[in-house]
Number of protein chains: 2
Amino acid sequence: MGDGQATRRRLLDAATAEFARYGIAGARVDRIAASAQANKAQIYAWFSSKDGLFDAVFVEHLSLIVDLVPLDATDLPGYAVRLYDAYLDRPEVVLLATWARLERVPTGDLLAVAADDVAAKLARISEAQQAGLVDPAPAPADVYSMVIALSMAWSPASVTVAASTDDDPAEHERRRTALAAAVRGAFAPRAGAT
Amino acid sequence: MGDGQATRRRLLDAATAEFARYGIAGARVDRIAASAQANKAQIYAWFSSKDGLFDAVFVEHLSLIVDLVPLDATDLPGYAVRLYDAYLDRPEVVLLATWARLERVPTGDLLAVAADDVAAKLARISEAQQAGLVDPAPAPADVYSMVIALSMAWSPASVTVAASTDDDPAEHERRRTALAAAVRGAFAPRAGAT
DNA sequence: CTCCGCAAACAAACCGGTTGGTTACTCACG
DNA sequence: CGTGAGTAACCAACCGGTTTGTTTGCGGAG
């Protein structure tokens, strides 16, 4: 008989696509089961509830959300551009995080469950500030929030324009250039500082 | 007898709160009717459907989404800070826009229906670039997207930290300062340019 | 001023499809 | 034969939407 772990895997994959597209309230358990070529009861056997399934999907993607692209505090512009490309390649990551924000955690730190990983990133930003590679004025947490925000300027959650892989490659290139330049200007050490 | 327009108004207000909090799929028509102290049938008399009600709420907020704060292309840092405060004061605006993006318009231009107003803003950015007040390298549309993205770094839709009015005032002030500095650095004309 | 008729506003019960969740049962394998 | 994977039918609550019947304000006829 079929392998339970394999079914679990298919359910997680199907759920990822479903939640990314429709959110928690909009997702349909039957649709997930069908798309995973499994039975609805399996979902409840493995994940207890629809919310439990979302939790499983979300924690599995947490490491991706946080470390889809390893932070390079010594090259924030390059980091931002790599994030732009990563979001283009893996829109589910942005979507899951945004749905979680809207439907689960209205205020405060969304990634509190991964506080350790985030803290490590902030420490590296702090080091880069002390090394004179990043403007030391803003708090590391604010630098991080702003870099992420800038990288997501054209993400699937943007309130202006959401990029898609169908866009003209030249357009992507234009955005990458603009993004890198903006990040460089925004966080480079100020002239006149030590 | 009660005024129809007044009922319509209460429905729109209640729907705004409901949609901002729960999104389209998560919103409950009964809850809106109850919270507006009206009857469910009125919703269908005035707005035809749940989706029609969301449309009405959204278009009513479109002008706010676009012009909650008038764009001052000659002072982008100040503009960004005013947006930060506006989002703090009117989180529904950000939330409605984000829900619309996630549940309605997965890619492309979210504000295509208000293309004229947006085009006017881009024109003013373009003027500021020609006047040497803004870095002329990036396309006006990209400047706009990035300024909005930066202003929303701590918005209720942020994937890092969402600000709330309960936050320490000093924290808000820290973010305003960091935001203004980042926008200044990101879009000021590059040294060495004319 | 009163009465009547009318249309818009309103209320509540109702309807049928959908949805998250359950159960009773079958099947393959060690 | 026992155990865990898999299935299909089932269920009760829910939810968007409709229907039916009632109330209210108002303009006009008497």
# chains A, B, ... in the order shown; residues from 1 in each chain; ligands from 1

call {"tool": "interface_residues", "arguments": {"of": "chain D", "to": "chain B", "cutoff": "12 Å", "atoms": "only C-alpha atoms (C1' of nucleotides)", "output": "compact mmCIF listing (two decimals) with C-alpha atoms (C1' of nucleotides), in the first residue's frame"}}
result
# COMPACT_ATOMS: atom_id res chain seq x y z
C1' DC D 14 -22.57 27.64 8.16
C1' DC D 15 -23.14 31.09 4.67
C1' DG D 16 -24.50 33.77 0.69
C1' DG D 17 -28.59 34.96 -1.12
C1' DT D 18 -33.96 35.17 -1.53
C1' DT D 19 -38.71 35.59 -0.32
C1' DT D 23 -43.80 49.35 8.64
C1' DT D 24 -43.00 54.17 7.74
C1' DG D 25 -43.03 58.63 5.63
C1' DC D 26 -45.29 61.42 2.25

call {"tool": "interface_residues", "arguments": {"of": "chain B", "to": "chain C", "cutoff": "12 Å", "atoms": "only C-alpha atoms (C1' of nucleotides)", "output": "PyMOL selection string"}}
result
chain B and resi 1-8+33+37-43+45-46

call {"tool": "interface_residues", "arguments": {"of": "chain A", "to": "chain B", "cutoff": "6 Å", "atoms": "only C-alpha atoms", "output": "ChimeraX atom specification"}}
result
/A:25-26,107-110,138,145-146,149-150,153,160-162,178,182,185-186

call {"tool": "write_last_selection", "arguments": {"atoms": "N, CA and C atoms", "output": "JSON list (two decimals), in the first residue's frame"}}
result
[["chain", "number", "residue", "atom", "x", "y", "z"],
["A", 25, "ALA", "N", -8.74, 31.45, 4.94],
["A", 25, "ALA", "CA", -10.20, 31.42, 4.83],
["A", 25, "ALA", "C", -10.66, 30.97, 3.45],
["A", 26, "GLY", "N", -9.90, 31.34, 2.43],
["A", 26, "GLY", "CA", -10.33, 31.02, 1.07],
["A", 26, "GLY", "C", -9.94, 29.62, 0.61],
["A", 107, "THR", "N", -0.53, 42.50, 14.28],
["A", 107, "THR", "CA", 0.52, 43.48, 14.62],
["A", 107, "THR", "C", 1.71, 42.76, 15.23],
["A", 108, "GLY", "N", 2.80, 43.51, 15.34],
["A", 108, "GLY", "CA", 3.99, 42.98, 15.98],
["A", 108, "GLY", "C", 4.88, 42.21, 15.02],
["A", 109, "ASP", "N", 5.72, 41.36, 15.61],
["A", 109, "ASP", "CA", 6.74, 40.67, 14.83],
["A", 109, "ASP", "C", 6.17, 39.37, 14.25],
["A", 110, "LEU", "N", 6.11, 39.32, 12.92],
["A", 110, "LEU", "CA", 5.54, 38.13, 12.27],
["A", 110, "LEU", "C", 6.41, 36.90, 12.48],
["A", 138, "PRO", "N", 20.63, 54.10, 11.55],
["A", 138, "PRO", "CA", 19.39, 53.37, 11.82],
["A", 138, "PRO", "C", 19.63, 52.08, 12.59],
["A", 145, "SER", "N", 14.07, 45.67, 8.08],
["A", 145, "SER", "CA", 12.69, 45.88, 7.60],
["A", 145, "SER", "C", 12.66, 46.65, 6.30],
["A", 146, "MET", "N", 13.50, 47.67, 6.20],
["A", 146, "MET", "CA", 13.47, 48.51, 5.00],
["A", 146, "MET", "C", 14.05, 47.79, 3.79],
["A", 149, "ALA", "N", 11.42, 45.43, 2.69],
["A", 149, "ALA", "CA", 10.33, 46.19, 2.08],
["A", 149, "ALA", "C", 10.69, 46.61, 0.67],
["A", 150, "LEU", "N", 11.90, 47.11, 0.49],
["A", 150, "LEU", "CA", 12.33, 47.54, -0.84],
["A", 150, "LEU", "C", 12.39, 46.37, -1.81],
["A", 153, "ALA", "N", 9.10, 45.54, -3.30],
["A", 153, "ALA", "CA", 8.36, 46.63, -3.95],
["A", 153, "ALA", "C", 7.51, 46.13, -5.11],
["A", 160, "THR", "N", 1.33, 48.36, -5.45],
["A", 160, "THR", "CA", 1.45, 49.13, -6.70],
["A", 160, "THR", "C", 1.47, 48.14, -7.87],
["A", 161, "VAL", "N", 2.66, 47.69, -8.25],
["A", 161, "VAL", "CA", 2.76, 46.78, -9.39],
["A", 161, "VAL", "C", 3.38, 45.46, -8.93],
["A", 162, "ALA", "N", 2.75, 44.35, -9.25],
["A", 162, "ALA", "CA", 3.30, 43.04, -8.92],
["A", 162, "ALA", "C", 3.98, 42.46, -10.15],
["A", 178, "ALA", "N", 17.48, 49.68, -10.51],
["A", 178, "ALA", "CA", 16.91, 50.73, -9.67],
["A", 178, "ALA", "C", 16.94, 50.32, -8.20],
["A", 182, "ALA", "N", 18.98, 52.12, -5.23],
["A", 182, "ALA", "CA", 18.23, 52.69, -4.10],
["A", 182, "ALA", "C", 18.76, 52.15, -2.79],
["A", 185, "GLY", "N", 22.14, 53.71, -2.04],
["A", 185, "GLY", "CA", 22.00, 55.07, -1.56],
["A", 185, "GLY", "C", 21.39, 55.15, -0.16],
["A", 186, "ALA", "N", 20.46, 54.26, 0.10],
["A", 186, "ALA", "CA", 19.71, 54.34, 1.35],
["A", 186, "ALA", "C", 20.55, 53.95, 2.56]]

call {"tool": "select_by_dssp", "arguments": {"residues": "range 63-174 of chain A", "states": "helix (DSSP H, G or I)", "output": "number ranges by chain"}}
result
A: 63-67, 76-89, 91-103, 112-130, 140-151, 169-174

call {"tool": "select_by_dssp", "arguments": {"residues": "range 60-186 of chain A", "states": "strand (DSSP E or B)", "output": "JSON, numbers by chain"}}
result
{"A": [108, 109, 161, 162]}

call {"tool": "atom_distance", "arguments": {"atom1": "CA of Ser63 in chain A", "atom2": "CA of Pro169 in chain A"}}
result
28.8 Å

call {"tool": "atom_distance", "arguments": {"atom1": "CA of Ala56 in chain B", "atom2": "CA of Leu12 in chain B"}}
result
7.7 Å
